[in-house]
Amino acid sequence: MPERPAPSGPTPESAPSPAVVAAADALAEAAARATTCPPVRTLLPSDDLTTAYAVQQLGVRRALARGRRLTGRKIGLTSPAVQRQLGVDQPDFGALFADMAVPEGTPVPAGLLLQPKVEAEVALVLDRDLPHTDSTVADVMAATGFCLAALEIVDSRISGWDISIVDTVADNASSGLYVLGSRPVPLNGLDLRAVTMTLTRNGEPASAGTGADCLGSPLNAAAWLASTLAAAGDPLRAGDVVLTGALGPMVPAAPGDVFEARISALGSAGAEFAMTTEGAR
């Protein structure tokens with residue numbers, strides 16, 4: 001598969017505004033210093049998602065320039081439970097990079113993330129592009145090679161998770177890491193609305209939900225993402241991983257915690273948080 005082209009560079013007319021640069025710099029400095037920063041919404045126009053996505057895009061462009069490889073996208077804020085947790089009423093999206101993928105069985109070193117939380121999701125892996133600005137569920141189904149159980153380990157560079165939708169969008173949709181299960185399942189005959197999810201932490205129930213809790217279906221979420229990205233001129237591509245959004249409330253993680261998500265018909269995905277920083281990136 002050809003390498004995904006980087007987003008086109010800014011022109012003088014579209015160069016990032018000082019506010020966008022200031023917000024991107026604050027988030028980048030927090031990540032580099034392994035500390036948190038105040039909400040960046042104070043630097044940006046109130047409730048302006050266009051500007052928030054400009055901050056995210058600048059962060060993605062800088063990451064690509066440093067040699068990171070884009071591998072897909074994540075959809076956030078799809079579960080009503082998670083929307084209630086964060087006080088928002090619409091989904092968002094962010095970028096996935098190759099160095100965010102954690103193989104099952106590989107512990108997440110302590111200190112790698114700032115304030116991680118775990119959520120269980122359905123992941124789609126595409127084998128066709130989705131170039132249409134009016135992508136349908138049928139388009140998504142036709143473009144999907146297989147799906148997997150997945151864990152997303154979300155994180156925030158914003159102190160205390162004090163975020164609005166502007167903060168989380170600017171902060172690459174509060175991305176951290178992700179774990180894919182090892183059982184690829186074709187969509188043929190599979191109703192993703194009806195799948196059930198249970199997430200355990202250290203063997204105890206921690207979160208639960210169904211496919212219908214993700215915008216009615218993970219496929220609805222993926223169709224929204226495909227249309228949104230195509231309209232922005234950066235469509236989903238063959239080979240992309242799409243994390244379709246949480247099926248239930250996210251759960252805080254601490255060193256020593258072990259998580260396992262079981263999603264009916266898709267199997268499981270697990271993550272362990274190490275007690276030490278050994279192997280931290």
# chains A, B, ... in the order shown; residues from 1 in each chain; ligands from 1
$ closest_atom_pairs --of "stretch 135-168 of chain A" --to "stretch 38-55 of chain A" --cutoff "8 Å" --atoms "only C-alpha atoms" --output "JSON lines"
{"residue": "A:Ile158", "atom": "CA", "partner": "A:Pro39", "partner_atom": "CA", "distance": 5.5}
{"residue": "A:Ser159", "atom": "CA", "partner": "A:Pro38", "partner_atom": "CA", "distance": 5.7}
{"residue": "A:Asp162", "atom": "CA", "partner": "A:Pro39", "partner_atom": "CA", "distance": 6.7}
{"residue": "A:Ile163", "atom": "CA", "partner": "A:Pro39", "partner_atom": "CA", "distance": 6.5}
{"residue": "A:Ser164", "atom": "CA", "partner": "A:Arg41", "partner_atom": "CA", "distance": 7.5}
{"residue": "A:Ile165", "atom": "CA", "partner": "A:Asp47", "partner_atom": "CA", "distance": 7.6}
{"residue": "A:Val166", "atom": "CA", "partner": "A:Ala52", "partner_atom": "CA", "distance": 5.5}
{"residue": "A:Asp167", "atom": "CA", "partner": "A:Arg41", "partner_atom": "CA", "distance": 5.7}
$ write_last_selection --atoms "N, CA and C atoms" --output "mmCIF file, in the first residue's frame"
data_model
loop_
_atom_site.group_PDB
_atom_site.id
_atom_site.type_symbol
_atom_site.label_atom_id
_atom_site.label_comp_id
_atom_site.auth_asym_id
_atom_site.auth_seq_id
_atom_site.Cartn_x
_atom_site.Cartn_y
_atom_site.Cartn_z
ATOM 1 N N ILE A 158 -4.142 18.075 29.371
ATOM 2 C CA ILE A 158 -4.810 19.140 30.119
ATOM 3 C C ILE A 158 -4.930 18.727 31.585
ATOM 4 N N SER A 159 -4.535 19.581 32.479
ATOM 5 C CA SER A 159 -4.519 19.255 33.905
ATOM 6 C C SER A 159 -5.896 18.808 34.401
ATOM 7 N N ASP A 162 -9.616 18.647 32.802
ATOM 8 C CA ASP A 162 -10.524 19.793 32.801
ATOM 9 C C ASP A 162 -10.709 20.245 31.365
ATOM 10 N N ILE A 163 -11.510 19.483 30.607
ATOM 11 C CA ILE A 163 -11.572 19.717 29.169
ATOM 12 C C ILE A 163 -12.980 20.053 28.708
ATOM 13 N N SER A 164 -13.023 20.906 27.711
ATOM 14 C CA SER A 164 -14.199 21.105 26.885
ATOM 15 C C SER A 164 -13.935 20.371 25.566
ATOM 16 N N ILE A 165 -14.908 20.390 24.663
ATOM 17 C CA ILE A 165 -14.679 19.744 23.368
ATOM 18 C C ILE A 165 -13.557 20.451 22.610
ATOM 19 N N VAL A 166 -13.388 21.769 22.819
ATOM 20 C CA VAL A 166 -12.292 22.485 22.168
ATOM 21 C C VAL A 166 -10.945 21.955 22.654
ATOM 22 N N ASP A 167 -10.819 21.713 23.958
ATOM 23 C CA ASP A 167 -9.563 21.184 24.492
ATOM 24 C C ASP A 167 -9.252 19.802 23.944
#
$ select_by_dssp --residues "stretch 4-243 of chain A" --states "alpha helix (DSSP H)" --output "PyMOL selection string"
chain A and resi 18-33+49-65+80-86+137-143+165-170+218-231
$ closest_atom_pairs --of "stretch 85-184 of chain A" --to "stretch 192-210 of chain A" --cutoff "10 Å" --atoms "only C-alpha atoms" --output "JSON lines"
{"residue": "A:Val118", "atom": "CA", "partner": "A:Leu199", "partner_atom": "CA", "distance": 9.1}
{"residue": "A:Glu119", "atom": "CA", "partner": "A:Leu199", "partner_atom": "CA", "distance": 7.9}
{"residue": "A:Ala120", "atom": "CA", "partner": "A:Leu199", "partner_atom": "CA", "distance": 6.8}
{"residue": "A:Glu121", "atom": "CA", "partner": "A:Met197", "partner_atom": "CA", "distance": 8.4}
{"residue": "A:Val122", "atom": "CA", "partner": "A:Leu192", "partner_atom": "CA", "distance": 8.4}
{"residue": "A:Cys147", "atom": "CA", "partner": "A:Leu192", "partner_atom": "CA", "distance": 9.7}
{"residue": "A:Ala149", "atom": "CA", "partner": "A:Met197", "partner_atom": "CA", "distance": 9.3}
{"residue": "A:Leu151", "atom": "CA", "partner": "A:Leu199", "partner_atom": "CA", "distance": 9.4}
$ write_last_selection --atoms "N, CA and C atoms" --output "PDB file, in the first residue's frame"
ATOM      1  N   VAL A 118      -8.999   3.988  30.303  1.00  0.00           N
ATOM      2  CA  VAL A 118      -9.162   2.894  29.353  1.00  0.00           C
ATOM      3  C   VAL A 118     -10.621   2.794  28.935  1.00  0.00           C
ATOM      4  N   GLU A 119     -10.832   2.552  27.653  1.00  0.00           N
ATOM      5  CA  GLU A 119     -12.173   2.299  27.150  1.00  0.00           C
ATOM      6  C   GLU A 119     -12.120   1.194  26.105  1.00  0.00           C
ATOM      7  N   ALA A 120     -13.196   0.425  26.019  1.00  0.00           N
ATOM      8  CA  ALA A 120     -13.285  -0.692  25.089  1.00  0.00           C
ATOM      9  C   ALA A 120     -14.025  -0.264  23.825  1.00  0.00           C
ATOM     10  N   GLU A 121     -13.520  -0.718  22.675  1.00  0.00           N
ATOM     11  CA  GLU A 121     -14.055  -0.270  21.397  1.00  0.00           C
ATOM     12  C   GLU A 121     -14.027  -1.395  20.368  1.00  0.00           C
ATOM     13  N   VAL A 122     -14.747  -1.171  19.291  1.00  0.00           N
ATOM     14  CA  VAL A 122     -14.633  -1.988  18.086  1.00  0.00           C
ATOM     15  C   VAL A 122     -13.693  -1.272  17.126  1.00  0.00           C
ATOM     16  N   CYS A 147     -12.855  -6.613  11.509  1.00  0.00           N
ATOM     17  CA  CYS A 147     -12.946  -5.835  12.737  1.00  0.00           C
ATOM     18  C   CYS A 147     -12.333  -6.625  13.885  1.00  0.00           C
ATOM     19  N   ALA A 149     -11.777  -6.618  18.495  1.00  0.00           N
ATOM     20  CA  ALA A 149     -11.917  -5.990  19.805  1.00  0.00           C
ATOM     21  C   ALA A 149     -10.693  -5.117  20.043  1.00  0.00           C
ATOM     22  N   LEU A 151      -8.794  -1.932  22.825  1.00  0.00           N
ATOM     23  CA  LEU A 151      -8.764  -1.015  23.944  1.00  0.00           C
ATOM     24  C   LEU A 151      -8.129   0.276  23.471  1.00  0.00           C
TER      25      LEU A 151
END
$ residues_around --residues "stretch 236-245 of chain A" --least-positions-apart "6" --cutoff "7 Å" --atoms "only C-alpha atoms" --output "JSON, numbers by chain"
{"A": [71, 72, 73, 74, 75, 76, 77, 78, 121, 122, 123, 124, 125, 126, 127, 128, 129, 130, 131, 214, 218, 221, 222, 226, 229]}
$ write_last_selection --atoms "N, CA and C atoms" --output "PDB file, in the first residue's frame"
ATOM      1  N   THR A  71      -1.354   5.916  10.945  1.00  0.00           N
ATOM      2  CA  THR A  71      -1.885   4.586  10.664  1.00  0.00           C
ATOM      3  C   THR A  71      -3.405   4.522  10.679  1.00  0.00           C
ATOM      4  N   GLY A  72      -4.059   5.610  10.988  1.00  0.00           N
ATOM      5  CA  GLY A  72      -5.510   5.590  11.008  1.00  0.00           C
ATOM      6  C   GLY A  72      -6.065   6.729  11.820  1.00  0.00           C
ATOM      7  N   ARG A  73      -7.301   6.555  12.283  1.00  0.00           N
ATOM      8  CA  ARG A  73      -7.994   7.601  13.028  1.00  0.00           C
ATOM      9  C   ARG A  73      -8.775   6.985  14.177  1.00  0.00           C
ATOM     10  N   LYS A  74      -9.032   7.797  15.164  1.00  0.00           N
ATOM     11  CA  LYS A  74      -9.888   7.417  16.276  1.00  0.00           C
ATOM     12  C   LYS A  74     -11.076   8.357  16.337  1.00  0.00           C
ATOM     13  N   ILE A  75     -12.206   7.802  16.716  1.00  0.00           N
ATOM     14  CA  ILE A  75     -13.405   8.599  16.936  1.00  0.00           C
ATOM     15  C   ILE A  75     -13.610   8.673  18.442  1.00  0.00           C
ATOM     16  N   GLY A  76     -13.867   9.866  18.927  1.00  0.00           N
ATOM     17  CA  GLY A  76     -14.095  10.040  20.348  1.00  0.00           C
ATOM     18  C   GLY A  76     -15.487  10.557  20.635  1.00  0.00           C
ATOM     19  N   LEU A  77     -15.889  10.431  21.874  1.00  0.00           N
ATOM     20  CA  LEU A  77     -17.138  11.008  22.366  1.00  0.00           C
ATOM     21  C   LEU A  77     -18.355  10.462  21.633  1.00  0.00           C
ATOM     22  N   THR A  78     -18.344   9.147  21.382  1.00  0.00           N
ATOM     23  CA  THR A  78     -19.477   8.517  20.693  1.00  0.00           C
ATOM     24  C   THR A  78     -20.476   7.920  21.662  1.00  0.00           C
ATOM     25  N   GLU A 121     -13.520  -0.718  22.675  1.00  0.00           N
ATOM     26  CA  GLU A 121     -14.055  -0.270  21.397  1.00  0.00           C
ATOM     27  C   GLU A 121     -14.027  -1.395  20.368  1.00  0.00           C
ATOM     28  N   VAL A 122     -14.747  -1.171  19.291  1.00  0.00           N
ATOM     29  CA  VAL A 122     -14.633  -1.988  18.086  1.00  0.00           C
ATOM     30  C   VAL A 122     -13.693  -1.272  17.126  1.00  0.00           C
ATOM     31  N   ALA A 123     -12.670  -1.963  16.654  1.00  0.00           N
ATOM     32  CA  ALA A 123     -11.758  -1.411  15.654  1.00  0.00           C
ATOM     33  C   ALA A 123     -12.091  -1.992  14.287  1.00  0.00           C
ATOM     34  N   LEU A 124     -12.070  -1.151  13.284  1.00  0.00           N
ATOM     35  CA  LEU A 124     -12.210  -1.580  11.894  1.00  0.00           C
ATOM     36  C   LEU A 124     -10.863  -1.416  11.197  1.00  0.00           C
ATOM     37  N   VAL A 125     -10.522  -2.356  10.336  1.00  0.00           N
ATOM     38  CA  VAL A 125      -9.335  -2.235   9.484  1.00  0.00           C
ATOM     39  C   VAL A 125      -9.820  -2.240   8.040  1.00  0.00           C
ATOM     40  N   LEU A 126      -9.537  -1.169   7.321  1.00  0.00           N
ATOM     41  CA  LEU A 126     -10.076  -0.984   5.975  1.00  0.00           C
ATOM     42  C   LEU A 126      -9.221  -1.665   4.925  1.00  0.00           C
ATOM     43  N   ASP A 127      -9.868  -2.170   3.879  1.00  0.00           N
ATOM     44  CA  ASP A 127      -9.108  -2.632   2.727  1.00  0.00           C
ATOM     45  C   ASP A 127      -9.468  -1.871   1.450  1.00  0.00           C
ATOM     46  N   ARG A 128     -10.274  -0.789   1.611  1.00  0.00           N
ATOM     47  CA  ARG A 128     -10.571   0.123   0.505  1.00  0.00           C
ATOM     48  C   ARG A 128     -10.605   1.546   1.042  1.00  0.00           C
ATOM     49  N   ASP A 129     -10.340   2.507   0.152  1.00  0.00           N
ATOM     50  CA  ASP A 129     -10.483   3.910   0.521  1.00  0.00           C
ATOM     51  C   ASP A 129     -11.965   4.251   0.712  1.00  0.00           C
ATOM     52  N   LEU A 130     -12.209   5.335   1.470  1.00  0.00           N
ATOM     53  CA  LEU A 130     -13.563   5.867   1.652  1.00  0.00           C
ATOM     54  C   LEU A 130     -13.534   7.348   1.268  1.00  0.00           C
ATOM     55  N   PRO A 131     -13.617   7.656  -0.033  1.00  0.00           N
ATOM     56  CA  PRO A 131     -13.381   9.025  -0.492  1.00  0.00           C
ATOM     57  C   PRO A 131     -14.610   9.933  -0.533  1.00  0.00           C
ATOM     58  N   CYS A 214     -22.659   3.205  20.845  1.00  0.00           N
ATOM     59  CA  CYS A 214     -21.692   3.979  20.056  1.00  0.00           C
ATOM     60  C   CYS A 214     -22.410   4.594  18.856  1.00  0.00           C
ATOM     61  N   PRO A 218     -21.250   1.118  15.846  1.00  0.00           N
ATOM     62  CA  PRO A 218     -19.911   1.534  15.430  1.00  0.00           C
ATOM     63  C   PRO A 218     -19.826   1.883  13.945  1.00  0.00           C
ATOM     64  N   ALA A 221     -20.739   5.503  13.470  1.00  0.00           N
ATOM     65  CA  ALA A 221     -19.612   6.360  13.829  1.00  0.00           C
ATOM     66  C   ALA A 221     -18.575   6.397  12.707  1.00  0.00           C
ATOM     67  N   ALA A 222     -18.294   5.242  12.133  1.00  0.00           N
ATOM     68  CA  ALA A 222     -17.302   5.187  11.049  1.00  0.00           C
ATOM     69  C   ALA A 222     -17.787   5.929   9.811  1.00  0.00           C
ATOM     70  N   ALA A 226     -15.804   8.947   8.070  1.00  0.00           N
ATOM     71  CA  ALA A 226     -15.423   8.893   6.658  1.00  0.00           C
ATOM     72  C   ALA A 226     -15.920  10.131   5.913  1.00  0.00           C
ATOM     73  N   LEU A 229     -13.884  13.341   7.161  1.00  0.00           N
ATOM     74  CA  LEU A 229     -12.512  13.411   6.667  1.00  0.00           C
ATOM     75  C   LEU A 229     -12.467  13.641   5.161  1.00  0.00           C
TER      76      LEU A 229
END
$ atom_distance --atom1 "atom CA of A:Leu58" --atom2 "atom CA of A:Cys37"
17.9 Å
